[in-house]
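S.K.: If you scroll down you'll find the structure; I have some questions about it.
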Amino acid sequence: MRFMMIVKATKDSETGVMPSQELVEAMLRYNEELARAGVLLAADGLHPSSNGIRISYPEPGSKPKITDGPFTEAKELIAGYTLIEVNSREEAIEWAMRMPDPHGYGGGEIELRQVFEAQDLTQNQETLAKEAALREQMERLKKS
Amino acid sequence: MTFSATERTIDAIWRIESANLIARLARMVRDIGLAEDIAQDALVIALERWPETGIPDNPGAWLMTTAKRRAIDLMRRSKLSDQKYKELGHSSDLYTEHDLENAMDGEIGDDLLRLIFTTCHPVLSREARVALTLRLLGGLTTEEIAHAFLVAESTIAQRIVRAKRTLSSARVLFEVPVGEELKERLSTVLEVIYLMFNEGYTATSGGNWIRPLLCREALRLGRILAEIASTEPEVHGLVALMEIQSSRFKTRVSPMGEPILLMDQNRALWDHLLIRRGLAALEFAQKLGRPLGPYALQAAISACHARARTASETDWTRIAALYEALAQIAPSPVVELNRAVAIAMVFGPAFGLQIVDELTSEPSLKEYHLLPSVRGDLLVKLGHMDEAKEEFERAASLTHNARERELLLKRAAECVSSE
């Protein structure tokens with residue numbers, strides 16, 4: 001199962017204020033821990049929204065509207081993400097709990113979201129039937 | 001089978017912490033069976049206490065402290081009568097409190113390395129190595145391991161018990177081998193991991209959801225190894241190979257369970273994150289500056305396919321060269337066969353056929369369906385339809401996979417003679 005830990009932006013991250021040396025090191029150690037556990041897939045930081053654009057479709061069917069950053073509501077913006085591969089939601093939560101406070105002054109927020117995988121999107125009846133049959137087989141094995 | 005939220009969280013914490021815990025304890029008490037027992041004791045105490053007190057802020061440290069206390073406890077009691085610990089005195093000194101105090105020092109990576117070299121020790125059978133590694137490093141339950149291999153839980157339980165006993169009685173030391181021995185022993189570790197991966201990889205189809213767990217665990221263990229043994233190119237080579245092979249999970253088998261050949265797969269559905277990781281691992285292996293070993297070479301071959309945006313963009317020349325290199329350091333009839341396919345793509349089917357024809361008398365390939373399958377394909381390209389048809393039919397008779405047989409019979413039927 002894949003999960004994404006999204007680090008929310010703050011006023012500081014938006015104005016390009018670099019995080020403290022302490023925090024940088026703590027994050028580095030955390031990423032090393034994730035890598036050391038074999039669960040880290042990817043981790044990246046994003047430039048502040050002043051460097052970005054928004055494309056919106058206010059009128060269905062017509063051309064998109066382009067807005068330059070920066071955007072307000074820092075807390076709703078993404079400053080970075082970490083993608084992990086784990087065996088359960090609880091494991092993902094446990095790892096997310098171990099991520100250092102991304103801000104330190106009461107503004108830090110981490111959002112944990114599960115990533116859709118192909119199986120989730122499969123509506124194929126035969127695949128689902130096979131899965132059910134296999135689950136049954138497992139139950140029988142458990143009892144033996 | 002429902003668990004409370006706390007139990008599920010504790011289960012997740014165990015999955016994260018158990019390998020580290022057992023590794024550290026094993027260095028202290030010098031016996032992995034005893035280490036696991038002590039670790040399990042700590043888990044039991046956690047299961048009793050944490051639902052009341054809440055999960056501690058640093059669960060790993062809590063478990064380690066509790067385990068140490070337990071180990072000291074056992075050591076003191078063993079001086080009284082416990083036969084088990086008397087048997088442990090192979091170096092005639094049981095672990096001391098001094099050992100336990102020093103346990104917190106030292107890189108956890110070193111302890112994990114010691115652990116994996118022990119669980120993959122050549123004195124154990126291959127099956128035992130796989131089960132023990134999945135158990136102690138993977139943190140999988142006996143049940144999960146049993147399901148992965150579709151055997152009874154008791155079979156795995158016994159296998160693990162016997163493995164620990166074998167390691168004890170063979171007086172296997174908890175250490176990382178050095179010098180010449182390291183190369184050989186590392187190769188054993190990599191073999192165990194790749195075996196695990198292949199068990200999961202070759203069995204994947206339609207709704208077979210048990211097997212991906214094996215592949216993921218193998219890949220995870222490989223990644224861990226790449227972190228703690230980062231100067232070994234073959235470790236990165238193996239990880240690269242597994243990352244890239246994993247990238248094709250969704251495209252190898254159709255929803256109906258039919259195998260899809262690499263050349264026919266929908267490359268848009270390849271996992272490009274895993275491909276990127278695989279290419280990075282391969283580059284890391286190459287940058288270490290030593291000649292590429294068999295895993296790195298296989299990874300490099302796999303990378304050629306991964307880099308080609310369409311089948312027609314495949315760099316067959318490079319693939320042929322890599323198979324040449326592989327044939328030098330890890331020759332086998334199967335490598336020759338694959339080399340023949342690559343040579344045919346570069347120089348034409350006639351040259352490929354020359355190589356394949358030399359393999360037809362190879363005893364180890366007698367029952368290998370891919371030999372006549374490849375031969376048939378080359379004959380089709382050369383226009384020898386009757387002979388090709390015979391080869392596809394022969395291939396169909398040799399394969400155990402029903403879908404594959406259908407595919408091969410279809411190819412045979414398509415060989416309409418133009419002569």
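We name chains A, B, ... following the order of the structure tokens; residues begin at 1 in each chain, and ligands are numbered from 1 as shown.
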Can you tell me which residues surround range 33-37 of chain A at a distance of at most 8 Å, considering only C-alpha atoms, apart from same-chain residues fewer than 5 positions away, and format the answer as a list in words?

M.R.: Ile16, Arg220, Arg223, Ile224, Glu227 and Ile228 of chain B

S.K.: For Leu23 in chain A, work out the shell of residues within 12 Å, counting only C-alpha atoms and skipping chain neighbours fewer than 5 positions away, then give it as a list of chain:residue names.

M.R.: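 Close residues of Leu23 in chain A: A:Met18, A:Leu28, A:Arg29, A:Tyr30, A:Met99, A:Pro100, A:Asp101, A:Pro102, A:His103, A:Gly104, A:Tyr105, A:Gly108.
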
S.K.: May I have the selected residues written with C-alpha atoms, as a PDB file, in the first residue's frame?

M.R.:
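The new file out.pdb reads:
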ATOM      1  CA  MET A  18      14.789  28.514   5.054  1.00  0.00           C
ATOM      2  CA  LEU A  28      17.463  14.201   6.755  1.00  0.00           C
ATOM      3  CA  ARG A  29      17.683  11.701   9.602  1.00  0.00           C
ATOM      4  CA  TYR A  30      13.992  10.894   9.198  1.00  0.00           C
ATOM      5  CA  MET A  99       8.092  12.779  10.906  1.00  0.00           C
ATOM      6  CA  PRO A 100       9.654  15.810  12.617  1.00  0.00           C
ATOM      7  CA  ASP A 101       7.384  18.805  13.186  1.00  0.00           C
ATOM      8  CA  PRO A 102       7.863  20.490   9.827  1.00  0.00           C
ATOM      9  CA  HIS A 103       7.657  23.978  11.227  1.00  0.00           C
ATOM     10  CA  GLY A 104       8.278  24.171  14.948  1.00  0.00           C
ATOM     11  CA  TYR A 105       6.324  27.319  15.723  1.00  0.00           C
ATOM     12  CA  GLY A 108       3.454  22.627  11.104  1.00  0.00           C
TER      13      GLY A 108
END

S.K.: Counting only C-alpha atoms, which of B:Arg159, B:Lys287, B:Arg185, B:Arg171 gets nearest to Ile116 in chain B?

M.R.: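 Using only C-alpha atoms, Ile116 in chain B sits closest to B:Arg185.
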
S.K.: Step one, run DSSP on the backbone; step two, keep only residues of chain A assigned to helix (DSSP H, G or I); then write them as a ChimeraX atom specification.

M.R.: /A:11-14,21-36,49-51,74-76,89-98,118-121,125-143

S.K.: Atoms to include: C-alpha atoms. Write the selected residues as a PDB file, in the first residue's frame.

M.R.:
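As a result, part_35.pdb now contains:
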ATOM      1  CA  LYS A  11       3.981  31.651   5.856  1.00  0.00           C
ATOM      2  CA  ASP A  12       7.714  31.028   6.258  1.00  0.00           C
ATOM      3  CA  SER A  13       7.985  28.400   3.568  1.00  0.00           C
ATOM      4  CA  GLU A  14       5.945  30.608   1.267  1.00  0.00           C
ATOM      5  CA  GLN A  21      19.629  23.784  10.505  1.00  0.00           C
ATOM      6  CA  GLU A  22      18.207  21.634  13.279  1.00  0.00           C
ATOM      7  CA  LEU A  23      15.057  20.922  11.323  1.00  0.00           C
ATOM      8  CA  VAL A  24      16.930  20.221   8.112  1.00  0.00           C
ATOM      9  CA  GLU A  25      19.077  17.676   9.924  1.00  0.00           C
ATOM     10  CA  ALA A  26      16.073  16.136  11.639  1.00  0.00           C
ATOM     11  CA  MET A  27      14.327  15.717   8.277  1.00  0.00           C
ATOM     12  CA  LEU A  28      17.463  14.201   6.755  1.00  0.00           C
ATOM     13  CA  ARG A  29      17.683  11.701   9.602  1.00  0.00           C
ATOM     14  CA  TYR A  30      13.992  10.894   9.198  1.00  0.00           C
ATOM     15  CA  ASN A  31      14.367  10.231   5.482  1.00  0.00           C
ATOM     16  CA  GLU A  32      17.368   8.045   6.247  1.00  0.00           C
ATOM     17  CA  GLU A  33      15.227   6.085   8.689  1.00  0.00           C
ATOM     18  CA  LEU A  34      12.590   5.591   6.022  1.00  0.00           C
ATOM     19  CA  ALA A  35      15.232   4.466   3.544  1.00  0.00           C
ATOM     20  CA  ARG A  36      16.830   2.237   6.180  1.00  0.00           C
ATOM     21  CA  SER A  49       3.805  29.088  -4.717  1.00  0.00           C
ATOM     22  CA  SER A  50       5.213  32.441  -5.868  1.00  0.00           C
ATOM     23  CA  ASN A  51       7.019  30.309  -8.435  1.00  0.00           C
ATOM     24  CA  ALA A  74      -0.613  28.944   3.006  1.00  0.00           C
ATOM     25  CA  LYS A  75      -2.012  26.132   5.133  1.00  0.00           C
ATOM     26  CA  GLU A  76      -3.839  24.688   2.150  1.00  0.00           C
ATOM     27  CA  ARG A  89      -2.679   2.076   7.139  1.00  0.00           C
ATOM     28  CA  GLU A  90      -1.516   1.807  10.761  1.00  0.00           C
ATOM     29  CA  GLU A  91       2.072   1.467   9.591  1.00  0.00           C
ATOM     30  CA  ALA A  92       1.689   4.592   7.476  1.00  0.00           C
ATOM     31  CA  ILE A  93       0.238   6.470  10.433  1.00  0.00           C
ATOM     32  CA  GLU A  94       3.077   5.306  12.654  1.00  0.00           C
ATOM     33  CA  TRP A  95       5.646   6.619  10.170  1.00  0.00           C
ATOM     34  CA  ALA A  96       3.767   9.878   9.722  1.00  0.00           C
ATOM     35  CA  MET A  97       3.792  10.332  13.506  1.00  0.00           C
ATOM     36  CA  ARG A  98       7.570  10.028  13.437  1.00  0.00           C
ATOM     37  CA  ALA A 118      -4.638  -0.163 -10.124  1.00  0.00           C
ATOM     38  CA  GLN A 119      -6.348  -2.870  -8.102  1.00  0.00           C
ATOM     39  CA  ASP A 120      -8.485  -0.252  -6.331  1.00  0.00           C
ATOM     40  CA  LEU A 121      -9.737   0.948  -9.666  1.00  0.00           C
ATOM     41  CA  GLN A 125     -15.738  -9.014 -12.182  1.00  0.00           C
ATOM     42  CA  GLU A 126     -13.498 -11.932 -12.849  1.00  0.00           C
ATOM     43  CA  THR A 127     -10.634 -10.392 -10.888  1.00  0.00           C
ATOM     44  CA  LEU A 128     -12.923  -9.708  -7.945  1.00  0.00           C
ATOM     45  CA  ALA A 129     -14.325 -13.229  -8.098  1.00  0.00           C
ATOM     46  CA  LYS A 130     -10.830 -14.696  -8.130  1.00  0.00           C
ATOM     47  CA  GLU A 131      -9.921 -12.597  -5.125  1.00  0.00           C
ATOM     48  CA  ALA A 132     -12.967 -13.848  -3.253  1.00  0.00           C
ATOM     49  CA  ALA A 133     -12.131 -17.461  -4.100  1.00  0.00           C
ATOM     50  CA  LEU A 134      -8.593 -16.982  -2.876  1.00  0.00           C
ATOM     51  CA  ARG A 135      -9.742 -15.409   0.353  1.00  0.00           C
ATOM     52  CA  GLU A 136     -11.900 -18.461   0.898  1.00  0.00           C
ATOM     53  CA  GLN A 137      -8.949 -20.724   0.278  1.00  0.00           C
ATOM     54  CA  MET A 138      -6.917 -18.789   2.810  1.00  0.00           C
ATOM     55  CA  GLU A 139      -9.630 -19.218   5.423  1.00  0.00           C
ATOM     56  CA  ARG A 140      -9.588 -22.948   4.824  1.00  0.00           C
ATOM     57  CA  LEU A 141      -5.798 -23.021   5.097  1.00  0.00           C
ATOM     58  CA  LYS A 142      -5.992 -21.103   8.349  1.00  0.00           C
ATOM     59  CA  LYS A 143      -8.289 -23.714   9.824  1.00  0.00           C
TER      60      LYS A 143
END

S.K.: For chain B, which residue among A:Val115, A:Ser62, A:Ser88, A:Thr67 is the nearest when counting only C-alpha atoms?

M.R.: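 Closest residue, counting only C-alpha atoms: A:Ser88.
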